[in-house]
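Notes to accompany the following structure.
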Amino acid sequence: MKFKNIPNSLKPRERLINFGADNLSDEELLSIILKTGTKEKNVKQLSLEILSKFNNITELKKISYQNLIEINGLGIAKATELIAVVELGKRIFQNITIEQMIKCTNSKNIVDYFSYLFKDKKQEEFYVIYLDSKKKYISKKRLFVGSINFTIAHPREIFKEAYLLSASSIICIHNHPSGDATPSKIDNAITEKIRQIGLLHDITLVDHLIIGKEKYYSYFENNKI
């Protein structure tokens, strides 16, 4: 059946208006984004063909321009529009996830989210997550790269950013490329130094997390803060 012959009450756009987006199927939502099909297949058929490339809808976040352009009926315009919508959705979800996670100050959740920063890194990278007075996420900053030591991870840079962002508390997080999340003597010393300086400036060190290969170490969970 041609799309124009489908009763208006059954068309995705009209169904969204009448019943809300959460009552539409994945195929219907995709049809709205694509807008039109081709001479050979209507927009609903084209949407089903795209979805058939994946085991489930969550895999759509991995789609690439090259994957899409190979599908008959998807030109440059449709392919780029779909990628833009998927990327926008990821960014919206990312920001919501951060806000909910940081308010809970749950070390495991923080690691689950921010571990992507350290994927396949061959050297240590040191990030600081800045929070407001209600422990809500403000920003994150990569402040140091390389082996962590007193020269590189100087607290001055950490607290300078905290003042610029009007942060009330911070979470430090860095990786051990070796895969072993066990804190070193230097990690312990730097953590204690940051904690003490934070007390002087009324900026709380909530946690210091070390990311290993499949494990992490939390100073908070181990009662070291």
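Scheme for the structure tokens: letters A, B, ... for chains in order shown; per-chain residue numbers from 1; ligand numbers from 1 in order shown.
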
Within 10 Å of A:Glu49 using only C-alpha atoms, minus same-chain residues under 5 positions, as a PyMOL selection string: chain A and resi 27+41+43-44+54+71-73

Strand (DSSP E or B) call set, DSSP backbone run, chain A, as a ChimeraX atom specification: /A:125-131,137-145,169-175,204-211,216-218

Separation of atom CA of A:Lys140 from atom CA of A:Ser169 in Å: 12.1 Å

Long-range neighbours of stretch 177-180 of chain A as a ChimeraX atom specification, 6 Å cut-off, only C-alpha atoms, 5 positions minimum in chain: /A:122-123,212-213

Selected residues, N, CA and C atoms, written as an mmCIF file, in the first residue's frame, please.
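File produced: part-v3.cif:
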```cif
data_model
loop_
_atom_site.group_PDB
_atom_site.id
_atom_site.type_symbol
_atom_site.label_atom_id
_atom_site.label_comp_id
_atom_site.auth_asym_id
_atom_site.auth_seq_id
_atom_site.Cartn_x
_atom_site.Cartn_y
_atom_site.Cartn_z
ATOM 1 N N LYS A 122 46.703 4.612 26.937
ATOM 2 C CA LYS A 122 48.004 3.991 27.212
ATOM 3 C C LYS A 122 48.770 4.712 28.314
ATOM 4 N N GLN A 123 48.260 5.841 28.763
ATOM 5 C CA GLN A 123 48.899 6.561 29.852
ATOM 6 C C GLN A 123 47.833 7.092 30.804
ATOM 7 N N GLY A 212 40.662 0.667 36.774
ATOM 8 C CA GLY A 212 41.527 -0.388 36.267
ATOM 9 C C GLY A 212 40.915 -1.032 35.038
ATOM 10 N N LYS A 213 41.341 -2.233 34.731
ATOM 11 C CA LYS A 213 40.832 -2.904 33.539
ATOM 12 C C LYS A 213 39.381 -3.318 33.721
#
```

Length of the atom CA of A:Leu131 to atom CA of A:Ile190 vector [Å]: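 It comes out at 19.9 Å.
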
Expected answer as a ChimeraX atom specification: alpha helix (DSSP H) residues in stretch 12-210 of chain A: /A:12-19,26-34,43-51,65-69,76-104,107-114,155-164,185-201

Within 10 Å of A:Ser107 using only C-alpha atoms, minus same-chain residues under 6 positions, as a PyMOL selection string: chain A and resi 101+171+206-209+216-221

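Residues in contact with A:Pro12 at 10 Å, where only C-alpha atoms are counted and same-chain residues fewer than 6 positions away are skipped, are listed as Asn18, Ala21, Leu24, Ser25, Glu27, Glu28, Leu29, Leu30, Ser31, Ile32, Lys35 and Lys44 of chain A.
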
Keeping only N, CA and C atoms, take the residues you just selected and write them out as a compact mmCIF listing (two decimals), in the first residue's frame.
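Below is the file selection18.txt, written as the result:
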```txt
# COMPACT_ATOMS: atom_id res chain seq x y z
N ASN A 18 -2.10 12.71 18.28
CA ASN A 18 -3.31 12.29 18.98
C ASN A 18 -3.06 11.45 20.23
N ALA A 21 4.07 10.56 21.70
CA ALA A 21 5.20 9.85 21.11
C ALA A 21 5.46 8.51 21.78
N LEU A 24 3.96 5.33 20.14
CA LEU A 24 4.35 4.95 18.79
C LEU A 24 5.41 3.85 18.82
N SER A 25 5.40 3.02 17.81
CA SER A 25 6.41 1.96 17.67
C SER A 25 7.73 2.57 17.19
N GLU A 27 9.29 1.76 14.55
CA GLU A 27 9.15 1.98 13.11
C GLU A 27 8.39 3.27 12.81
N GLU A 28 7.37 3.58 13.60
CA GLU A 28 6.60 4.80 13.40
C GLU A 28 7.43 6.04 13.71
N LEU A 29 8.19 5.99 14.80
CA LEU A 29 9.05 7.12 15.15
C LEU A 29 10.09 7.37 14.06
N LEU A 30 10.67 6.29 13.56
CA LEU A 30 11.67 6.42 12.50
C LEU A 30 11.03 6.96 11.23
N SER A 31 9.80 6.58 10.95
CA SER A 31 9.10 7.08 9.76
C SER A 31 8.92 8.60 9.81
N ILE A 32 8.65 9.12 11.00
CA ILE A 32 8.49 10.57 11.15
C ILE A 32 9.80 11.28 10.85
N LYS A 35 10.52 10.98 6.98
CA LYS A 35 9.52 11.80 6.25
C LYS A 35 8.96 11.09 5.02
N LYS A 44 7.29 3.68 5.75
CA LYS A 44 7.17 2.67 6.80
C LYS A 44 8.00 1.44 6.44
```

Nearest to A:Ser184 by atom-to-atom distance, counting only C-alpha atoms, from A:Ile210, A:Ile33, A:Leu143, A:Leu117: A:Ile210

Point-to-point distance from atom CA of A:Lys134 to atom CA of A:Glu87, Å rounded to tenths: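 So the two atoms, atom CA of A:Lys134 and atom CA of A:Glu87, lie 28.9 Å apart.
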
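Comparing A:Tyr116, A:Tyr65, A:Tyr127, A:Phe93 by their smallest distance to A:Ser139, the closest is A:Tyr127 (using only C-alpha atoms).
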
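With distances restricted to only C-alpha atoms, A:Tyr130 is the closest residue to A:Ala167 from A:Tyr137, A:Tyr130, A:Phe114, A:Phe144.
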
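Residue nearest A:Glu214 within the list A:Lys119, A:His154, A:Lys160, A:Arg142: A:Lys119 [criterion: smallest interatomic distance, only C-alpha atoms].
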